[in-house]
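Here is the file coords.tsv (TSV, C-alpha atoms).
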chain	number	residue	atom	x	y	z
A	1	MET	CA	164.73	0.37	113.07
A	2	ILE	CA	167.48	2.97	113.58
A	3	LYS	CA	165.43	5.43	111.53
A	4	ASN	CA	162.44	5.01	113.90
A	5	PHE	CA	164.71	5.37	116.95
A	6	ILE	CA	166.18	8.64	115.61
A	7	LYS	CA	162.70	9.89	114.74
A	8	LYS	CA	161.47	9.20	118.31
A	9	GLN	CA	164.49	10.96	119.80
A	10	LEU	CA	163.90	14.01	117.60
A	11	TYR	CA	160.25	14.10	118.73
A	12	LYS	CA	161.37	13.99	122.38
A	13	ILE	CA	163.83	16.83	121.84
A	14	THR	CA	161.18	18.89	120.02
A	15	ASP	CA	158.65	18.28	122.81
A	16	PHE	CA	161.21	19.34	125.42
A	17	LEU	CA	162.07	22.54	123.56
A	18	LEU	CA	158.42	23.46	123.01
A	19	SER	CA	157.48	22.84	126.63
A	20	ASN	CA	160.44	24.89	127.85
A	21	HIS	CA	160.39	27.68	125.26
A	22	ALA	CA	159.66	30.35	127.87
A	23	TRP	CA	162.76	29.33	129.84
A	24	PHE	CA	164.99	29.54	126.76
A	25	TYR	CA	163.56	32.87	125.67
A	26	ASN	CA	163.59	34.45	129.13
A	27	ARG	CA	167.02	33.40	130.39
A	28	GLY	CA	167.97	35.79	133.18
A	29	LYS	CA	164.37	37.00	133.63
A	30	VAL	CA	163.03	35.36	136.76
A	31	PHE	CA	159.82	36.03	138.67
A	32	LYS	CA	160.28	36.94	142.32
A	33	GLU	CA	158.58	33.62	143.09
A	34	SER	CA	156.83	31.15	140.81
A	35	GLY	CA	154.88	28.01	141.62
A	36	LYS	CA	154.37	24.90	139.51
A	37	CYS	CA	152.51	24.76	136.21
A	38	VAL	CA	152.77	28.42	135.24
A	39	SER	CA	152.19	29.16	131.56
A	40	TYR	CA	152.54	32.39	129.60
A	41	ASN	CA	153.55	33.56	126.17
A	42	VAL	CA	157.19	34.42	125.59
A	43	LYS	CA	156.13	37.73	124.06
A	44	ASP	CA	154.22	38.83	127.19
A	45	TYR	CA	155.76	41.75	129.08
A	46	PHE	CA	156.46	41.53	132.83
A	47	THR	CA	158.50	43.37	135.42
A	48	TYR	CA	159.62	39.96	136.66
A	49	GLN	CA	161.42	40.97	139.87
A	50	ASN	CA	158.28	42.09	141.70
A	51	ILE	CA	155.76	39.47	140.55
A	52	THR	CA	154.89	36.45	142.70
A	53	LEU	CA	152.94	33.59	141.09
A	54	GLY	CA	151.25	30.63	142.76
A	55	ASN	CA	150.63	27.19	141.31
A	56	ASP	CA	148.54	26.51	138.21
A	57	VAL	CA	148.53	30.00	136.72
A	58	SER	CA	147.67	30.40	133.03
A	59	ILE	CA	148.37	33.81	131.48
A	60	GLY	CA	146.92	34.51	128.03
A	61	SER	CA	148.93	36.03	125.22
A	62	GLY	CA	149.52	39.77	125.06
A	63	ALA	CA	149.75	40.20	128.85
A	64	VAL	CA	151.41	43.26	130.38
A	65	PHE	CA	152.08	43.03	134.15
A	66	ILE	CA	154.12	46.02	135.34
A	67	ALA	CA	154.98	47.74	138.60
A	68	SER	CA	157.98	49.84	139.53
A	69	LYS	CA	157.90	50.06	143.34
A	70	SER	CA	154.92	47.90	144.28
A	71	GLN	CA	154.38	44.14	144.15
A	72	ILE	CA	151.99	41.95	142.16
A	73	TYR	CA	150.81	38.80	143.95
A	74	ILE	CA	148.90	36.13	142.02
A	75	GLY	CA	147.48	33.12	143.86
A	76	ASN	CA	146.79	29.52	142.82
A	77	LYS	CA	144.47	28.26	140.08
A	78	VAL	CA	144.21	31.63	138.32
A	79	LEU	CA	143.23	31.99	134.65
A	80	PHE	CA	143.94	35.10	132.58
A	81	GLY	CA	142.39	35.67	129.17
A	82	PRO	CA	144.40	37.36	126.41
A	83	ARG	CA	145.68	40.94	126.63
A	84	VAL	CA	145.24	41.46	130.39
A	85	THR	CA	147.06	44.51	131.77
A	86	ILE	CA	148.08	44.87	135.43
A	87	ILE	CA	149.57	48.22	136.45
A	88	GLY	CA	150.86	48.48	140.02
A	89	GLY	CA	151.52	52.21	139.92
A	90	ASN	CA	150.43	55.59	138.71
A	91	HIS	CA	152.40	58.56	137.44
A	92	THR	CA	152.84	61.69	139.54
A	93	PHE	CA	151.29	64.56	137.59
A	94	ASP	CA	150.75	67.37	140.10
A	95	ARG	CA	154.26	68.82	140.42
A	96	VAL	CA	154.21	72.49	139.49
A	97	GLY	CA	157.09	73.42	137.19
A	98	VAL	CA	158.02	69.83	136.26
A	99	PHE	CA	157.06	68.07	133.05
A	100	ILE	CA	155.20	64.80	133.69
A	101	TYR	CA	157.76	63.15	131.43
A	102	ASP	CA	160.60	64.22	133.75
A	103	ILE	CA	159.12	62.61	136.89
A	104	THR	CA	161.04	59.35	137.26
A	105	ASP	CA	160.33	56.36	139.50
A	106	GLU	CA	162.99	57.63	141.90
A	107	ILE	CA	161.25	60.95	142.58
A	108	LYS	CA	157.57	60.03	142.16
A	109	ASP	CA	155.21	60.20	145.14
A	110	PRO	CA	155.19	56.98	147.25
A	111	GLU	CA	151.38	56.86	147.25
A	112	ASP	CA	151.42	56.50	143.47
A	113	ASP	CA	152.37	52.82	143.88
A	114	ALA	CA	150.36	50.13	145.68
A	115	ASP	CA	150.43	46.33	145.66
A	116	ILE	CA	147.96	44.29	143.63
A	117	VAL	CA	146.69	40.96	144.99
A	118	ILE	CA	144.80	38.38	142.95
A	119	GLU	CA	143.67	35.56	145.22
A	120	ASP	CA	143.01	31.88	144.37
A	121	ASP	CA	140.39	30.49	141.97
A	122	VAL	CA	140.03	33.66	139.87
A	123	TRP	CA	139.18	33.97	136.18
A	124	ILE	CA	140.09	37.27	134.49
A	125	GLY	CA	138.62	37.77	131.03
A	126	ALA	CA	140.20	39.22	127.89
A	127	ASN	CA	141.34	42.84	127.74
A	128	VAL	CA	140.89	43.48	131.48
A	129	THR	CA	142.91	46.28	133.11
A	130	ILE	CA	143.69	46.02	136.84
A	131	LEU	CA	145.02	49.15	138.57
A	132	LYS	CA	147.16	49.79	141.64
A	133	GLY	CA	146.00	48.88	145.13
A	134	VAL	CA	143.35	46.40	144.00
A	135	THR	CA	142.67	43.05	145.69
A	136	ILE	CA	140.61	40.60	143.68
A	137	GLY	CA	139.10	38.21	146.19
A	138	ARG	CA	139.07	34.45	146.04
A	139	GLY	CA	136.69	32.92	143.51
A	140	CYS	CA	136.05	36.11	141.50
A	141	VAL	CA	135.24	36.34	137.81
A	142	ILE	CA	136.22	39.55	135.99
A	143	GLY	CA	134.32	40.16	132.75
A	144	ALA	CA	136.12	40.94	129.50
A	145	GLY	CA	137.11	44.57	129.00
A	146	ALA	CA	136.62	45.59	132.64
A	147	VAL	CA	138.75	48.30	134.24
A	148	VAL	CA	139.21	47.25	137.87
A	149	SER	CA	140.11	50.26	140.01
A	150	ARG	CA	138.78	49.03	143.38
A	151	SER	CA	138.93	45.79	145.29
A	152	CYS	CA	136.42	43.00	144.65
A	153	ALA	CA	134.86	40.89	147.42
A	154	PRO	CA	135.36	37.12	147.17
A	155	TYR	CA	133.10	35.19	144.80
A	156	SER	CA	131.97	38.33	142.95
A	157	ILE	CA	131.30	38.57	139.24
A	158	VAL	CA	132.57	41.96	138.17
A	159	ALA	CA	132.28	43.81	134.85
A	160	GLY	CA	132.24	47.27	133.29
A	161	VAL	CA	134.20	50.50	133.14
A	162	PRO	CA	134.75	51.22	135.95
A	163	ALA	CA	134.20	47.64	137.11
A	164	LYS	CA	131.28	46.95	139.45
A	165	ILE	CA	129.87	43.82	141.05
A	166	ILE	CA	127.02	42.60	138.85
A	167	LYS	CA	126.20	39.43	140.81
A	168	ARG	CA	127.59	36.76	143.12
A	169	ARG	CA	129.09	33.60	141.68
A	170	PHE	CA	127.32	31.37	144.22
A	171	THR	CA	124.78	31.57	147.01
A	172	VAL	CA	126.06	31.56	150.61
A	173	GLU	CA	125.30	27.83	150.91
A	174	GLU	CA	127.07	27.08	147.62
A	175	ILE	CA	130.15	29.02	148.73
A	176	LEU	CA	130.24	27.01	151.96
A	177	GLU	CA	130.07	23.76	149.96
A	178	HIS	CA	132.66	24.96	147.40
A	179	GLU	CA	135.03	25.91	150.22
A	180	ARG	CA	134.43	22.61	152.05
A	181	ILE	CA	135.36	20.62	148.93
A	182	LEU	CA	138.43	22.65	147.90
A	183	TYR	CA	140.08	24.05	151.03
A	184	PRO	CA	141.29	22.60	154.34
A	185	GLU	CA	139.27	23.82	157.31
A	186	PRO	CA	141.70	26.50	158.53
A	187	LEU	CA	141.57	28.21	155.12
A	188	ARG	CA	137.80	28.13	154.62
A	189	TYR	CA	135.60	31.19	154.99
A	190	ARG	CA	133.13	30.97	157.86
A	191	LYS	CA	129.44	31.55	157.20
A	192	GLU	CA	129.51	34.95	158.95
A	193	GLU	CA	132.40	36.09	156.74
A	194	ILE	CA	130.62	34.95	153.59
A	195	MET	CA	127.43	36.73	154.62
A	196	SER	CA	129.39	39.93	155.26
A	197	PHE	CA	130.83	40.07	151.75
A	198	CYS	CA	127.64	38.82	150.09
A	199	ASP	CA	125.51	41.74	151.41

Represent the supplied structure as structure tokens.
Amino acid sequence: MIKNFIKKQLYKITDFLLSNHAWFYNRGKVFKESGKCVSYNVKDYFTYQNITLGNDVSIGSGAVFIASKSQIYIGNKVLFGPRVTIIGGNHTFDRVGVFIYDITDEIKDPEDDADIVIEDDVWIGANVTILKGVTIGRGCVIGAGAVVSRSCAPYSIVAGVPAKIIKRRFTVEEILEHERILYPEPLRYRKEEIMSFCD
């Protein structure tokens, strides 16, 4: 009886440690903001202080999310496949008489950094690279291996290098129904808005 009790307690402790492994590994590394049910691998690499995460975000292993002066905003219900790279900046390379290597974040051009926004209900496939200044609209799907260098309209399916819209995830009527089911009225897209980004 005591043996079974000890065994159960050890299982509880093990479960707790496994479910909180990221916290133990990343002590002192805190995202700017983080919602509930966020999962990532402890070996992923982030510039934590400028990343905001919503609720229900799943980040696949091998992720690299970095930005020096810009911000990375990730919404709710977002899925990342493995090895996704998000880069919120570029490197200044047009200074005459200065090695690229010697241009630090402190002296780089301000326009070389721009925020990245990933809205709600987005699935980003494996090995995707997302570059500075991009907004990935609500409901988008980004195909594996894509290099996203420009913003994507909501409910787009995007793929390729450079990434381009290959089709829409839903028809206009399906988007209206999807929005009606999932979002309160003030947050829903109106039919005119949907038609404008589905052209």

Across A:Pro186, A:Ala63, A:Asp105, A:Ile157, the smallest distance to Lys43 in chain A, with all atoms listed in the file counted, is shown by A:Ala63

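Among the candidates A:Gly88, A:Gly97, A:Gly160, A:Gly75, the residue lying nearest to Gly139 in chain A is A:Gly75 (atoms considered: all atoms listed in the file).
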
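The residue that comes closest to Asn55 in chain A, out of A:Cys37, A:Ala67, A:Ile165, A:Val42 and on the basis of only C-alpha atoms, is A:Cys37.
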
Using only C-alpha atoms, find the one residue out of A:Asn127, A:Ser151, A:Ser68, A:Gln49 that sits nearest to Asp112 in chain A. A:Ser68

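For the pair CA of Thr171 in chain A and CA of Glu193 in chain A, the separation is 13.2 Å.
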
Find, counting all atoms listed in the file, the residue in A:Glu179, A:Asp121, A:Glu192, A:Glu185 that gets nearest to Ile74 in chain A. A:Asp121

Between CA of Gly125 in chain A and CA of His178 in chain A lies a distance of 21.6 Å

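As for CA of Ile142 in chain A and CA of Leu176 in chain A, they are spaced 21.2 Å apart.
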
What's around Ile166 in chain A at 8 Å? Count all atoms listed in the file, leave out sequence neighbours fewer than 5 positions away in its own chain, and write the answer as a ChimeraX atom specification. /A:156-159

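By chain and then residue number, the residues within 12 Å of Ile107 in chain A are Ser68, Lys69, His91, Thr92, Phe93, Arg95, Val98, Ile100, Tyr101, Asp102, Ile103, Thr104, Pro110, Glu111 and Asp112 of chain A, counting all atoms listed in the file and disregarding those fewer than 3 positions away in sequence.
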
Contact residues around Ala146 in chain A with all atoms listed in the file at 6 Å, ignoring same-chain residues under 2 positions, as a short mmCIF file (atom, residue, chain, number, x, y, z; two decimals) with C-alpha atoms, in the frame of the given file:
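As a result, around-v5.cif now contains:
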data_model
loop_
_atom_site.label_atom_id
_atom_site.label_comp_id
_atom_site.auth_asym_id
_atom_site.auth_seq_id
_atom_site.Cartn_x
_atom_site.Cartn_y
_atom_site.Cartn_z
CA VAL A 128 140.89 43.48 131.48
CA GLY A 143 134.32 40.16 132.75
CA ALA A 144 136.12 40.94 129.50
CA ALA A 159 132.28 43.81 134.85
CA GLY A 160 132.24 47.27 133.29
CA VAL A 161 134.20 50.50 133.14
CA ALA A 163 134.20 47.64 137.11
#

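Closest to Lys108 in chain A among A:Pro184, A:Pro162, A:Gly89, A:Gly62 is A:Gly89, based on only C-alpha atoms.
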
Contacts of range 50-52 of chain A at 10 Å or less, counting only C-alpha atoms, minus same-chain residues fewer than 2 places along, as a PyMOL selection string? chain A and resi 30-35+46-48+54+65-75+88+115-117

Kindly export the residues of the current selection with C-alpha atoms, as a compact mmCIF listing (two decimals), in the frame of the given file.
# COMPACT_ATOMS: atom_id res chain seq x y z
CA VAL A 30 163.03 35.36 136.76
CA PHE A 31 159.82 36.03 138.67
CA LYS A 32 160.28 36.94 142.32
CA GLU A 33 158.58 33.62 143.09
CA SER A 34 156.83 31.15 140.81
CA GLY A 35 154.88 28.01 141.62
CA PHE A 46 156.46 41.53 132.83
CA THR A 47 158.50 43.37 135.42
CA TYR A 48 159.62 39.96 136.66
CA GLY A 54 151.25 30.63 142.76
CA PHE A 65 152.08 43.03 134.15
CA ILE A 66 154.12 46.02 135.34
CA ALA A 67 154.98 47.74 138.60
CA SER A 68 157.98 49.84 139.53
CA LYS A 69 157.90 50.06 143.34
CA SER A 70 154.92 47.90 144.28
CA GLN A 71 154.38 44.14 144.15
CA ILE A 72 151.99 41.95 142.16
CA TYR A 73 150.81 38.80 143.95
CA ILE A 74 148.90 36.13 142.02
CA GLY A 75 147.48 33.12 143.86
CA GLY A 88 150.86 48.48 140.02
CA ASP A 115 150.43 46.33 145.66
CA ILE A 116 147.96 44.29 143.63
CA VAL A 117 146.69 40.96 144.99
